[in-house]
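Notes to accompany the following structure.
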Amino acid sequence: MDNRRLPVIDIDNSFVDKLTALYFSLCFLIAAPFFGEFLGERGELWSGFIRILSSPSPLITDYFALGGFSSSFLNAGLCGLCCTMMMFLLRAKCNYSTYAGFFLVVGHCFYGLNLLNMWPPIIGVWIFCRIRRIDFSRHLSVAFYSTAFGPFFSELIFRYPLTAWSTFPFRSIVAVVLLSLFLGYSIPLMLNGAKLLHREMSLYNGGLAFGLLGMLIYSFMYSIMGVENEGSVVSRSLEYLGKENSAFVSCNVFFLLVFLLSLFIGWYLNGGSFAGYTRLLKDPGFKSDFLTKYGDGVTLINLALYGLMMTLYFDLVILFTDGVGWTGATCGIVLASVTFSASGQHPGNVWPVLTGYVGLYALIKALSMALGIPMVWSLSTQAYMNGAAFATGLCPFTGKYGKRYGFLAGFVSAILATATLSIHGGFMLYNGGLVAGMAALILTPLLKGIKERADETEEEEEM
């Protein structure tokens, strides 16, 4: 039954993507000075921002700890605004993929990506398009995805002993140009190939593709060249800042306001109604385009409710388990987790995946107690929170095979959550997407075989 009290406002989907990007970018920029006042960072906005730009940024570099809260939000706002301006100025025909690319950019602006290191990979994709005579605006989402390699560029410029700017400025420039060109040609091709591996059962397709590419680059830069990886440059917690409670309150207030306003906008665009959202919640999330199928209003409603659900999940694991709190990475993964809220993810098919993480935790907790050994991780360990955020990209397993298989996908992803970082040294930001891709790579052929066998048994019984 349609109970809309207002006329549905129909806007071009491409324009909705651009407006959504502009809305979130402005929210970050507006929040930056407020955090400066509330958290006692007055006068540190730009100095913290410079520290973020001029430091190596391997996964997981906590920008809250490195530059401060206000500077981190400024970084996200400026990067998001640059992406938004590219959407408008290039007159790009944006879709759910561009929408996803934007959220991946701004999400990682809190722990590894910044206004300096985002440009070389984007320029590399632009050069690829120019040489191949392809319209760059049609590859804008690919350019956004390519920023996953931002930490490699920060490392080359500021710390890598064979190219660091302070010692070898010319080598640094050459290395950045060569890596940009390599990525520009490799990324578009790798993205298509990765889909064939996991058969699109992981929404974070770039995670698997980029993880393999990152492994190649990292192996050459470090193992082959005999260079030691020095890792993160800052603490991975907020302990020395003494602002854990302030971070918890600040991030929750920010996301509550941003997602509630998104909910209101979606409700208004949908004719002052939630009509159609129940239908979206039944969508399997496999090869789905919510903007086209359900409309702008319903999609924004999903973004808001799903974002609130993920915020609540992280609050609960932080409150009830021992680990980190609302770090820069925690803030970023809330945004990264809603990446595909316009093309597959919704609360209905995501919660079984999250329970897979909880299930593994409960199992290992019980085994640790029974064997009398300490448990070395929890649901609020940063790596497991990041893994859970990206494991939500396995939601097609819920939609296609059922809730118990969504649980299984989350369970397998949780097992792999800390196994992949060493592959790329933390210099590729989509580690959670790589984990999800590997889980899909393991489960897809197994479940396909089980389903085919079950179908054959049914046919034999009917005969």
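Residue names in the structure tokens use chain letters A, B, ... in the order shown, residue numbers from 1 in each chain, and ligand numbers from 1 in the order shown.
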Which stretch 54-101 of chain A residues have any atom within 12 Å of an atom of stretch 201-207 of chain A, and for each, what is the nearest pair of atoms with distance in Å to one decimal, counting only C-alpha atoms, rows sorted by chain and number, as CSV?
residue,atom,partner,partner_atom,distance
A:Tyr96,CA,A:Leu203,CA,11.5
A:Ser97,CA,A:Leu203,CA,10.4
A:Ala100,CA,A:Tyr204,CA,9.4
A:Gly101,CA,A:Gly206,CA,10.1
* Asked: Could you pull out all residues of stretch 372-405 of chain A with a DSSP call of helix (DSSP H, G or I) and give them as a list in words?
  ->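 Helix (DSSP H, G or I) members of stretch 372-405 of chain A, listed: Gln382, Ala383, Tyr384, Met385, Asn386, Gly387, Ala388, Ala389, Phe390, Ala391, Thr392, Gly393, Leu394, Cys395, Pro396, Phe397, Thr398, Gly399, Lys400, Tyr401, Lys403, Arg404 and Tyr405 of chain A.
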Next, dump the selected residues to file, keeping only N, CA, C and O atoms, as a PDB file, in the first residue's frame.
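Written file, selection-v4.pdb:
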ATOM      1  N   GLN A 382      41.471  -3.402  15.986  1.00  0.00           N
ATOM      2  CA  GLN A 382      41.286  -2.592  14.778  1.00  0.00           C
ATOM      3  C   GLN A 382      41.188  -3.423  13.508  1.00  0.00           C
ATOM      4  O   GLN A 382      40.331  -3.181  12.649  1.00  0.00           O
ATOM      5  N   ALA A 383      42.034  -4.419  13.375  1.00  0.00           N
ATOM      6  CA  ALA A 383      42.022  -5.237  12.161  1.00  0.00           C
ATOM      7  C   ALA A 383      40.691  -5.956  11.981  1.00  0.00           C
ATOM      8  O   ALA A 383      40.194  -6.103  10.850  1.00  0.00           O
ATOM      9  N   TYR A 384      40.074  -6.383  13.096  1.00  0.00           N
ATOM     10  CA  TYR A 384      38.808  -7.111  12.995  1.00  0.00           C
ATOM     11  C   TYR A 384      37.633  -6.167  12.763  1.00  0.00           C
ATOM     12  O   TYR A 384      36.652  -6.532  12.112  1.00  0.00           O
ATOM     13  N   MET A 385      37.718  -4.945  13.274  1.00  0.00           N
ATOM     14  CA  MET A 385      36.672  -3.966  12.947  1.00  0.00           C
ATOM     15  C   MET A 385      36.757  -3.595  11.470  1.00  0.00           C
ATOM     16  O   MET A 385      35.733  -3.512  10.786  1.00  0.00           O
ATOM     17  N   ASN A 386      37.971  -3.378  10.975  1.00  0.00           N
ATOM     18  CA  ASN A 386      38.126  -3.079   9.553  1.00  0.00           C
ATOM     19  C   ASN A 386      37.644  -4.241   8.696  1.00  0.00           C
ATOM     20  O   ASN A 386      36.970  -4.050   7.676  1.00  0.00           O
ATOM     21  N   GLY A 387      38.003  -5.445   9.115  1.00  0.00           N
ATOM     22  CA  GLY A 387      37.575  -6.620   8.362  1.00  0.00           C
ATOM     23  C   GLY A 387      36.073  -6.755   8.316  1.00  0.00           C
ATOM     24  O   GLY A 387      35.494  -7.077   7.274  1.00  0.00           O
ATOM     25  N   ALA A 388      35.403  -6.493   9.447  1.00  0.00           N
ATOM     26  CA  ALA A 388      33.944  -6.590   9.500  1.00  0.00           C
ATOM     27  C   ALA A 388      33.289  -5.574   8.577  1.00  0.00           C
ATOM     28  O   ALA A 388      32.292  -5.863   7.910  1.00  0.00           O
ATOM     29  N   ALA A 389      33.847  -4.350   8.544  1.00  0.00           N
ATOM     30  CA  ALA A 389      33.280  -3.310   7.686  1.00  0.00           C
ATOM     31  C   ALA A 389      33.297  -3.725   6.224  1.00  0.00           C
ATOM     32  O   ALA A 389      32.323  -3.509   5.482  1.00  0.00           O
ATOM     33  N   PHE A 390      34.385  -4.346   5.794  1.00  0.00           N
ATOM     34  CA  PHE A 390      34.492  -4.754   4.394  1.00  0.00           C
ATOM     35  C   PHE A 390      33.864  -6.125   4.139  1.00  0.00           C
ATOM     36  O   PHE A 390      33.488  -6.424   3.002  1.00  0.00           O
ATOM     37  N   ALA A 391      33.754  -6.930   5.178  1.00  0.00           N
ATOM     38  CA  ALA A 391      33.090  -8.227   5.004  1.00  0.00           C
ATOM     39  C   ALA A 391      31.633  -8.057   4.618  1.00  0.00           C
ATOM     40  O   ALA A 391      31.020  -8.966   4.039  1.00  0.00           O
ATOM     41  N   THR A 392      31.066  -6.879   4.918  1.00  0.00           N
ATOM     42  CA  THR A 392      29.674  -6.623   4.515  1.00  0.00           C
ATOM     43  C   THR A 392      29.507  -6.691   3.000  1.00  0.00           C
ATOM     44  O   THR A 392      28.397  -6.852   2.505  1.00  0.00           O
ATOM     45  N   GLY A 393      30.615  -6.571   2.278  1.00  0.00           N
ATOM     46  CA  GLY A 393      30.561  -6.734   0.820  1.00  0.00           C
ATOM     47  C   GLY A 393      30.266  -8.158   0.394  1.00  0.00           C
ATOM     48  O   GLY A 393      30.040  -8.426  -0.794  1.00  0.00           O
ATOM     49  N   LEU A 394      30.253  -9.096   1.346  1.00  0.00           N
ATOM     50  CA  LEU A 394      29.906 -10.492   1.047  1.00  0.00           C
ATOM     51  C   LEU A 394      28.406 -10.739   1.169  1.00  0.00           C
ATOM     52  O   LEU A 394      27.960 -11.883   1.149  1.00  0.00           O
ATOM     53  N   CYS A 395      27.632  -9.660   1.297  1.00  0.00           N
ATOM     54  CA  CYS A 395      26.185  -9.801   1.468  1.00  0.00           C
ATOM     55  C   CYS A 395      25.480 -10.565   0.348  1.00  0.00           C
ATOM     56  O   CYS A 395      24.418 -11.152   0.591  1.00  0.00           O
ATOM     57  N   PRO A 396      26.015 -10.618  -0.898  1.00  0.00           N
ATOM     58  CA  PRO A 396      25.355 -11.455  -1.904  1.00  0.00           C
ATOM     59  C   PRO A 396      25.234 -12.925  -1.506  1.00  0.00           C
ATOM     60  O   PRO A 396      24.336 -13.631  -1.984  1.00  0.00           O
ATOM     61  N   PHE A 397      26.124 -13.405  -0.617  1.00  0.00           N
ATOM     62  CA  PHE A 397      26.003 -14.784  -0.149  1.00  0.00           C
ATOM     63  C   PHE A 397      24.701 -14.966   0.630  1.00  0.00           C
ATOM     64  O   PHE A 397      24.037 -16.000   0.511  1.00  0.00           O
ATOM     65  N   THR A 398      24.322 -13.941   1.418  1.00  0.00           N
ATOM     66  CA  THR A 398      23.052 -13.999   2.138  1.00  0.00           C
ATOM     67  C   THR A 398      21.893 -13.999   1.159  1.00  0.00           C
ATOM     68  O   THR A 398      20.963 -14.816   1.267  1.00  0.00           O
ATOM     69  N   GLY A 399      21.931 -13.064   0.215  1.00  0.00           N
ATOM     70  CA  GLY A 399      20.821 -12.920  -0.715  1.00  0.00           C
ATOM     71  C   GLY A 399      20.648 -14.100  -1.658  1.00  0.00           C
ATOM     72  O   GLY A 399      19.534 -14.486  -1.980  1.00  0.00           O
ATOM     73  N   LYS A 400      21.770 -14.695  -2.069  1.00  0.00           N
ATOM     74  CA  LYS A 400      21.695 -15.767  -3.057  1.00  0.00           C
ATOM     75  C   LYS A 400      21.517 -17.146  -2.444  1.00  0.00           C
ATOM     76  O   LYS A 400      20.793 -17.992  -2.968  1.00  0.00           O
ATOM     77  N   TYR A 401      22.186 -17.380  -1.291  1.00  0.00           N
ATOM     78  CA  TYR A 401      22.168 -18.715  -0.702  1.00  0.00           C
ATOM     79  C   TYR A 401      21.418 -18.813   0.623  1.00  0.00           C
ATOM     80  O   TYR A 401      21.079 -19.903   1.072  1.00  0.00           O
ATOM     81  N   LYS A 403      20.652 -16.924   4.839  1.00  0.00           N
ATOM     82  CA  LYS A 403      21.304 -16.291   5.990  1.00  0.00           C
ATOM     83  C   LYS A 403      22.452 -17.118   6.560  1.00  0.00           C
ATOM     84  O   LYS A 403      23.475 -16.581   6.985  1.00  0.00           O
ATOM     85  N   ARG A 404      22.291 -18.448   6.590  1.00  0.00           N
ATOM     86  CA  ARG A 404      23.361 -19.255   7.183  1.00  0.00           C
ATOM     87  C   ARG A 404      24.639 -19.189   6.351  1.00  0.00           C
ATOM     88  O   ARG A 404      25.745 -19.300   6.886  1.00  0.00           O
ATOM     89  N   TYR A 405      24.485 -18.985   5.045  1.00  0.00           N
ATOM     90  CA  TYR A 405      25.676 -18.850   4.206  1.00  0.00           C
ATOM     91  C   TYR A 405      26.267 -17.451   4.304  1.00  0.00           C
ATOM     92  O   TYR A 405      27.473 -17.264   4.113  1.00  0.00           O
TER      93      TYR A 405
END
* Kindly indicate which residue among A:Leu208, A:Ala419, A:Leu59, A:Leu303 lies nearest to A:Leu441, using only C-alpha atoms for the distances. => A:Leu208
* Please identify all polymer residues within 9 Å of A:Phe248, counting only C-alpha atoms, omitting same-chain residues fewer than 3 positions from it, and present them as a ChimeraX atom specification. => /A:243-245,251-253,315,325-327
* **Pairwise distance for atom CA of A:Ser141 and atom CA of A:Thr98, rounded to one decimal in Å** =>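 For atom CA of A:Ser141 relative to atom CA of A:Thr98, the distance reads 4.4 Å.
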At a cut-off of 7 Å, using only C-alpha atoms, what residues contact A:Leu434? Leave out same-chain residues fewer than 3 positions from it and give the result as a PDB file with N, CA and C atoms, in the first residue's frame.
ATOM      1  N   GLY A 207      39.205  -4.835  -4.023  1.00  0.00           N
ATOM      2  CA  GLY A 207      40.042  -5.337  -2.942  1.00  0.00           C
ATOM      3  C   GLY A 207      40.905  -6.500  -3.375  1.00  0.00           C
ATOM      4  N   LEU A 208      40.302  -7.469  -4.061  1.00  0.00           N
ATOM      5  CA  LEU A 208      41.051  -8.638  -4.516  1.00  0.00           C
ATOM      6  C   LEU A 208      42.040  -8.249  -5.605  1.00  0.00           C
ATOM      7  N   GLY A 211      44.773  -6.025  -4.136  1.00  0.00           N
ATOM      8  CA  GLY A 211      45.608  -6.765  -3.207  1.00  0.00           C
ATOM      9  C   GLY A 211      46.695  -7.535  -3.940  1.00  0.00           C
ATOM     10  N   TYR A 430      42.849  -1.192   0.616  1.00  0.00           N
ATOM     11  CA  TYR A 430      41.655  -2.047   0.591  1.00  0.00           C
ATOM     12  C   TYR A 430      41.939  -3.437   1.138  1.00  0.00           C
ATOM     13  N   ASN A 431      42.628  -3.510   2.270  1.00  0.00           N
ATOM     14  CA  ASN A 431      42.950  -4.824   2.836  1.00  0.00           C
ATOM     15  C   ASN A 431      41.683  -5.593   3.210  1.00  0.00           C
ATOM     16  N   GLY A 437      37.378 -10.572  -0.730  1.00  0.00           N
ATOM     17  CA  GLY A 437      37.569 -11.218  -2.028  1.00  0.00           C
ATOM     18  C   GLY A 437      38.116 -12.624  -1.899  1.00  0.00           C
ATOM     19  N   MET A 438      39.059 -12.818  -0.978  1.00  0.00           N
ATOM     20  CA  MET A 438      39.616 -14.158  -0.765  1.00  0.00           C
ATOM     21  C   MET A 438      38.578 -15.094  -0.169  1.00  0.00           C
TER      22      MET A 438
END
* Which of these, A:Lys93, A:Lys448, A:His108, A:Lys18, has the shortest distance to A:Gly150 once you count only C-alpha atoms? ->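 With only C-alpha atoms as the atom set, the closest residue is A:His108.
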* What is the distance between atom CA of A:Trp126 and atom CA of A:Gly184, in Å to one decimal? -> 7.3 Å
* Residues at most 9 Å from stretch 168-177 of chain A, counting only C-alpha atoms, excluding those fewer than 6 positions away in the same chain, as a list in words? ->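 Listed by chain and then number, they are Pro120, Gly124, Phe152, Phe153, Leu156, Ile157, Phe158, Pro161 and Leu162 of chain A.
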What would the file look like if the residues just selected were written as a PDB file, in the first residue's frame with C-alpha atoms?
ATOM      1  CA  PRO A 120      49.325  10.254  -8.612  1.00  0.00           C
ATOM      2  CA  GLY A 124      47.842   7.549 -13.914  1.00  0.00           C
ATOM      3  CA  PHE A 152      52.802   3.711  -1.781  1.00  0.00           C
ATOM      4  CA  PHE A 153      53.291   7.257  -3.046  1.00  0.00           C
ATOM      5  CA  LEU A 156      58.197   6.825  -2.032  1.00  0.00           C
ATOM      6  CA  ILE A 157      58.214  10.566  -1.369  1.00  0.00           C
ATOM      7  CA  PHE A 158      58.860  10.752   2.375  1.00  0.00           C
ATOM      8  CA  PRO A 161      65.382   4.955   1.424  1.00  0.00           C
ATOM      9  CA  LEU A 162      65.987   4.627  -2.319  1.00  0.00           C
TER      10      LEU A 162
END
Give me, as a PDB file with N, CA, C and O atoms, in the first residue's frame, all polymer residues having an atom no more than 7 Å from A:His346, counting only C-alpha atoms and skipping those fewer than 3 positions away in the same chain.
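As written to disk, result_9.pdb reads:
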ATOM      1  N   LEU A 281      14.715  -4.227   1.117  1.00  0.00           N
ATOM      2  CA  LEU A 281      15.296  -5.114   2.128  1.00  0.00           C
ATOM      3  C   LEU A 281      15.231  -6.587   1.722  1.00  0.00           C
ATOM      4  O   LEU A 281      15.911  -7.424   2.306  1.00  0.00           O
ATOM      5  N   ASN A 302      18.080   3.888   2.671  1.00  0.00           N
ATOM      6  CA  ASN A 302      18.921   2.718   2.948  1.00  0.00           C
ATOM      7  C   ASN A 302      20.304   3.137   3.415  1.00  0.00           C
ATOM      8  O   ASN A 302      20.843   2.570   4.381  1.00  0.00           O
ATOM      9  N   TYR A 306      21.339   1.972   7.135  1.00  0.00           N
ATOM     10  CA  TYR A 306      22.475   1.055   7.122  1.00  0.00           C
ATOM     11  C   TYR A 306      23.676   1.686   7.834  1.00  0.00           C
ATOM     12  O   TYR A 306      24.386   1.031   8.615  1.00  0.00           O
ATOM     13  N   SER A 341      25.912   0.813  -0.495  1.00  0.00           N
ATOM     14  CA  SER A 341      24.525   0.925  -0.037  1.00  0.00           C
ATOM     15  C   SER A 341      23.581   1.331  -1.162  1.00  0.00           C
ATOM     16  O   SER A 341      22.363   1.320  -0.987  1.00  0.00           O
ATOM     17  N   ASN A 349      20.649  -8.029   4.453  1.00  0.00           N
ATOM     18  CA  ASN A 349      21.594  -9.049   3.987  1.00  0.00           C
ATOM     19  C   ASN A 349      22.986  -8.889   4.591  1.00  0.00           C
ATOM     20  O   ASN A 349      23.872  -9.713   4.350  1.00  0.00           O
ATOM     21  N   VAL A 350      23.185  -7.833   5.396  1.00  0.00           N
ATOM     22  CA  VAL A 350      24.488  -7.605   6.001  1.00  0.00           C
ATOM     23  C   VAL A 350      24.598  -8.203   7.405  1.00  0.00           C
ATOM     24  O   VAL A 350      25.655  -8.712   7.795  1.00  0.00           O
TER      25      VAL A 350
END
* For A:Gly426, list every protein, DNA or RNA residue within 12 Å, evaluated using only C-alpha atoms, and leave out those in the same chain fewer than 2 positions away; present the list as a VMD selection string. => chain A and resid 56 to 61 111 to 112 148 to 152 155 210 to 211 214 to 215 217 to 218 229 to 232 383 418 to 424 428 to 432 434
* For A:Thr321, the nearest of the candidates A:Ser380, A:Thr355, A:Ser54, A:Thr292, counting only C-alpha atoms ->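 Going through A:Ser380, A:Thr355, A:Ser54, A:Thr292 one by one, the smallest distance to A:Thr321 is for A:Ser380.
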